[in-house]
Number of protein chains: 4
Amino acid sequence: MVNSRGRDPERTRQRILDAATEEFARHGLGGARVDRIATRAGANKRMLYYYFGSKDGLFLAALEDRYAHIRSAERELELEHLAPVRALERLVKFTWDYFLEHPEFMTLLNSENLHKGRHVARSRRVREMHSPLVETLGRVLRRGERAGLFRKGVDPVQLYISIAGEGYFYLSNRYTLSQIFGRDLMAPRALAARSRHIADVIVNALRRPA
Amino acid sequence: MVNSRGRDPERTRQRILDAATEEFARHGLGGARVDRIATRAGANKRMLYYYFGSKDGLFLAALEDRYAHIRSAERELELEHLAPVRALERLVKFTWDYFLEHPEFMTLLNSENLHKGRHVARSRRVREMHSPLVETLGRVLRRGERAGLFRKGVDPVQLYISIAGEGYFYLSNRYTLSQIFGRDLMAPRALAARSRHIADVIVNALRRPA
Amino acid sequence: MVNSRGRDPERTRQRILDAATEEFARHGLGGARVDRIATRAGANKRMLYYYFGSKDGLFLAALEDRYAHIRSAERELELEHLAPVRALERLVKFTWDYFLEHPEFMTLLNSENLHKGRHVARSRRVREMHSPLVETLGRVLRRGERAGLFRKGVDPVQLYISIAGEGYFYLSNRYTLSQIFGRDLMAPRALAARSRHIADVIVNALRRPA
Amino acid sequence: MVNSRGRDPERTRQRILDAATEEFARHGLGGARVDRIATRAGANKRMLYYYFGSKDGLFLAALEDRYAHIRSAERELELEHLAPVRALERLVKFTWDYFLEHPEFMTLLNSENLHKGRHVARSRRVREMHSPLVETLGRVLRRGERAGLFRKGVDPVQLYISIAGEGYFYLSNRYTLSQIFGRDLMAPRALAARSRHIADVIVNALRRPA
DNA sequence: GATGAATGAGGGTTCATTCAT
DNA sequence: GATGAATGAACCCTCATTCAT
């Protein structure tokens, strides 16, 4: 029996993970309901414990899964094969687009940080996933320096946090910001304007002073 | 009688609000416990409903209170009396320091956005608090333009979101970022480095191209 | 100061009693809220306890008040001055009309009986109110017997319970009965039909067999 | 394992329903305590929500159950097979006896009407249960008419309400009535007298005028 | 691998009542 | 006579988790 509700362990596991990701994204770790996850996954609640041990175990699995997803998409950018400025622009655009299309990733991160990163602290996988990103970005920066395009001594971690932060704050806090500034930050034109603004900020931040 | 348990309504209300702010910041809206708030406030649980109506009402009150606090501190910077570049630097430093010293404000905002801003949407006070900020920043920008220091056409809202976002993402996600990048982002030297980095980014973003 | 909110003790007491009667009628004893009573009476909650001692004391006062009201209205029928059949018809119509116009009286009685009559058991007033009714009805019956109109040996208490019961069950259970029988028992025509039906039943019950 | 605490869902459900019926009857809907129901049913409080969704859901289930019970017992009278006068007498006696032996049914109805029939309004089952009763009683009446025993044009619904009302008011209000009339209406002789009285009233109400 | 039934602790909220003024 | 502030017990309901099959 290999239909959608039957005995295909890997699919059951995946359906639970997907349902959990959505639930955690929508309601946070504390607000997520194990019952809803099971129902939406079309699985028995017991299965959730069978595969993931606990609600926290499930949360960690969802978080790891989402980290793996963004890093994997990032690798496909092949920044190493691009000219420094082009590589930078591409990463900036990708990061913005990714947050825009995957708001659940931001919510997951917010939840994890609300809980002082106690899940991610127990995960070796997550740590290992990120050194390639730093290394790649570091090499892009060095190539740019050598070519006389970028200023010297820029820390790739600081740079990445800026690239991400420029989009993250805007998108993660879109409800409060739209409210306090009295404009719809999610309107297509507003999004396009932000995307351009971010590119300007990051490029200017790196440009070698004249 | 004006001691801690006695009949001083204003103090009782304030103690509840303070306790609530801390609890919401630490555990989020969903994870916050009404019992703990009451206990920490040295008040009866019933009083919480007497003054704020509901847990949500209390959350909104805390949020409004924190918004009022940062905006009030901001006004004391008296940016209007400073030279454009100096005003900008001062706001950048203030914003970073404020987030650093008041992490509860970031957590409150994260919670509110997790709930799609449904509390703030019902608050007139919050909306009214923010137009002065935009106007002040707008005037600083215009002064800088006229003096030939800043590039033209920068949107004060976009700029403010950048100023805030550069610090917010770093500090709000300090647990996950420290973990994935393998360094303690809260170490004094790391904090100082970030503060300098942000100032560089923002100033460069505004500087008129040569 | 003798305005509506001021220091006119008797009026304050009466306003509380009226508000309580309505509240008890609408929600029952258990469902009634002391807060709502005070609010609707425009009085401070403390006053309610000042005048009536407790929620139960207030309930008893409301019950006594309503008993006094119906008995007083009954006395104004002056059944003693009417011919036996006319007197009977008049009481039957009055009783139906009274229940129809004062549904709160039925609800109060239901509540009191749900609580096994524990309030009324402590009230001397209520007992004393009712012997005149039985005596009056007894005298009407005896006059009718002597005139050869009514059958002999009818117990005035049994008769009164029938007169009341015929209307009470219909009106007190109007929601469930309308539902299960699929007709609106409160429509004007339905009410008129029931009134006629009751008169028929009671008159026939008393008529001396041919 | 089929003992009292074990896994026999149907029995668990039934125990909860029985305990609930008693609790609702004794204290009304508002006064009933979910905790007491669970304890008396020997079940976990959570089970109550597992099976019935809410306190209101449980109340409706109890109400439907009691309606089903009386209607089922009524059907066993097989009124259709009896002579008209005999059928009538049997229904009258049955109805009185049923209310006498099942006071919880009256209390449930009182509660439901206090709440304006909002539970029964959502129940299809209850409506469907009652057309047979009306039809059966209607056929008895028509047979009596044709045999020249009953007066013409009597509405079976009006008649049923009279049959029930004569007993209901007496029994449902037994505490207040005993008190105000100064006699114990529940004494065996009083009950027997009422039973006879009701039979007289109903039979006379139907008897064709000479 | 999978299920429905069961659990106990604790969630936010509301209650009638009383205190200090 | 009248008030707003305060109380603690208990309300209905929901939680993540585990049992027996």
# chains A, B, ... in the order shown; residues from 1 in each chain; ligands from 1
>>> closest_atom_pairs(of="chain E", to="chain B", cutoff="10 Å", atoms="only C-alpha atoms (C1' of nucleotides)", output="CSV")
residue,atom,partner,partner_atom,distance
E:DG11,C1',B:Arg33,CA,8.2
E:DG12,C1',B:Val34,CA,7.4
E:DT13,C1',B:Ser54,CA,8.2
E:DT14,C1',B:Arg46,CA,8.7
E:DA20,C1',B:Arg7,CA,8.0
E:DT21,C1',B:Arg7,CA,9.8
>>> write_last_selection(atoms="N, CA and C atoms (P, O5', C5', C4', C3', O3' and C1' of nucleotides)", output="compact mmCIF listing (two decimals), in the first residue's frame")
# COMPACT_ATOMS: atom_id res chain seq x y z
P DG E 11 0.16 27.61 33.33
O5' DG E 11 -0.78 28.26 32.24
C5' DG E 11 -0.75 27.75 30.92
C4' DG E 11 -1.99 28.13 30.18
C3' DG E 11 -2.65 29.42 30.61
O3' DG E 11 -2.07 30.48 29.87
C1' DG E 11 -4.27 27.70 30.35
P DG E 12 -2.15 31.93 30.49
O5' DG E 12 -3.66 32.31 30.14
C5' DG E 12 -4.02 32.50 28.79
C4' DG E 12 -5.51 32.73 28.70
C3' DG E 12 -5.95 34.10 29.20
O3' DG E 12 -7.04 34.55 28.39
C1' DG E 12 -6.98 32.41 30.51
P DT E 13 -7.69 35.99 28.64
O5' DT E 13 -8.88 35.66 29.66
C5' DT E 13 -9.94 34.82 29.20
C4' DT E 13 -10.90 34.55 30.35
C3' DT E 13 -11.50 35.81 31.00
O3' DT E 13 -12.87 35.82 30.67
C1' DT E 13 -10.92 34.15 32.61
P DT E 14 -13.80 37.00 31.09
O5' DT E 14 -14.47 36.44 32.43
C5' DT E 14 -15.07 35.17 32.38
C4' DT E 14 -15.68 34.87 33.74
C3' DT E 14 -16.38 36.08 34.37
O3' DT E 14 -17.59 35.61 34.93
C1' DT E 14 -14.83 35.18 35.88
P DA E 20 -8.90 46.87 55.62
O5' DA E 20 -8.83 48.26 54.85
C5' DA E 20 -8.04 48.35 53.67
C4' DA E 20 -8.17 49.74 53.09
C3' DA E 20 -8.06 50.87 54.11
O3' DA E 20 -7.35 51.94 53.49
C1' DA E 20 -10.16 51.00 53.04
P DT E 21 -7.11 53.28 54.26
O5' DT E 21 -8.22 54.23 53.66
C5' DT E 21 -8.26 54.44 52.25
C4' DT E 21 -9.47 55.25 51.90
C3' DT E 21 -9.64 56.54 52.72
O3' DT E 21 -9.47 57.65 51.85
C1' DT E 21 -11.70 55.42 52.38
>>> residues_around(residues="DT7 of chain E", least_positions_apart="4", cutoff="9 Å", atoms="only C-alpha atoms (C1' of nucleotides)", output="list in words")
Asn44 and Arg46 of chain D; DT17 and DT18 of chain F
>>> write_last_selection(atoms="N, CA and C atoms (P, O5', C5', C4', C3', O3' and C1' of nucleotides)", output="PDB file, in the first residue's frame")
ATOM      1  N   ASN D  44     -11.702  11.062  32.932  1.00  0.00           N
ATOM      2  CA  ASN D  44     -10.883  12.256  32.913  1.00  0.00           C
ATOM      3  C   ASN D  44     -11.679  13.389  32.280  1.00  0.00           C
ATOM      4  N   ARG D  46     -10.866  15.605  30.373  1.00  0.00           N
ATOM      5  CA  ARG D  46     -10.584  15.788  28.961  1.00  0.00           C
ATOM      6  C   ARG D  46     -11.496  14.947  28.067  1.00  0.00           C
TER       7      ARG D  46
ATOM      8  P    DT F  17       5.676  17.175  24.074  1.00  0.00           P
ATOM      9  O5'  DT F  17       5.040  15.841  24.646  1.00  0.00           O
ATOM     10  C5'  DT F  17       4.918  15.688  26.055  1.00  0.00           C
ATOM     11  C4'  DT F  17       4.056  14.493  26.392  1.00  0.00           C
ATOM     12  C3'  DT F  17       4.511  13.144  25.819  1.00  0.00           C
ATOM     13  O3'  DT F  17       4.995  12.362  26.906  1.00  0.00           O
ATOM     14  C1'  DT F  17       2.152  13.372  25.829  1.00  0.00           C
ATOM     15  P    DT F  18       5.735  10.993  26.641  1.00  0.00           P
ATOM     16  O5'  DT F  18       4.576   9.919  26.907  1.00  0.00           O
ATOM     17  C5'  DT F  18       3.966   9.892  28.185  1.00  0.00           C
ATOM     18  C4'  DT F  18       2.849   8.867  28.183  1.00  0.00           C
ATOM     19  C3'  DT F  18       3.264   7.478  27.704  1.00  0.00           C
ATOM     20  O3'  DT F  18       2.654   6.558  28.588  1.00  0.00           O
ATOM     21  C1'  DT F  18       1.376   8.170  26.529  1.00  0.00           C
TER      22       DT F  18
END
>>> interface_residues(of="chain F", to="chain B", cutoff="12 Å", atoms="only C-alpha atoms (C1' of nucleotides)", output="PyMOL selection string")
chain F and resi 4-9
>>> residues_around(residues="Gln158 of chain D", least_positions_apart="5", cutoff="10 Å", atoms="only C-alpha atoms (C1' of nucleotides)", output="list in words")
Glu166, Tyr170, Ala190, Ala193, Arg194, His197 and Ile198 of chain C; Ile163 of chain D
>>> residues_around(residues="Leu191 of chain C", least_positions_apart="6", cutoff="12 Å", atoms="only C-alpha atoms (C1' of nucleotides)", output="VMD selection string")
(chain C and resid 93 96 to 97 99 to 101 167 170 to 171 174 183 to 185 197 to 198) or (chain D and resid 158)
>>> select_by_dssp(residues="segment 17-144 of chain B", states="alpha helix (DSSP H)", output="JSON, numbers by chain")
{"B": [17, 18, 19, 20, 21, 22, 23, 24, 25, 26, 27, 28, 29, 30, 31, 34, 35, 36, 37, 38, 39, 40, 41, 45, 46, 47, 48, 49, 50, 51, 52, 55, 56, 57, 58, 59, 60, 61, 62, 63, 64, 65, 66, 67, 68, 69, 70, 71, 72, 73, 74, 75, 84, 85, 86, 87, 88, 89, 90, 91, 92, 93, 94, 95, 96, 97, 98, 99, 100, 101, 103, 104, 105, 106, 107, 108, 109, 110, 111, 112, 113, 114, 124, 125, 126, 127, 128, 129, 130, 131, 132, 133, 134, 135, 136, 137, 138, 139, 140, 141, 142, 143, 144]}
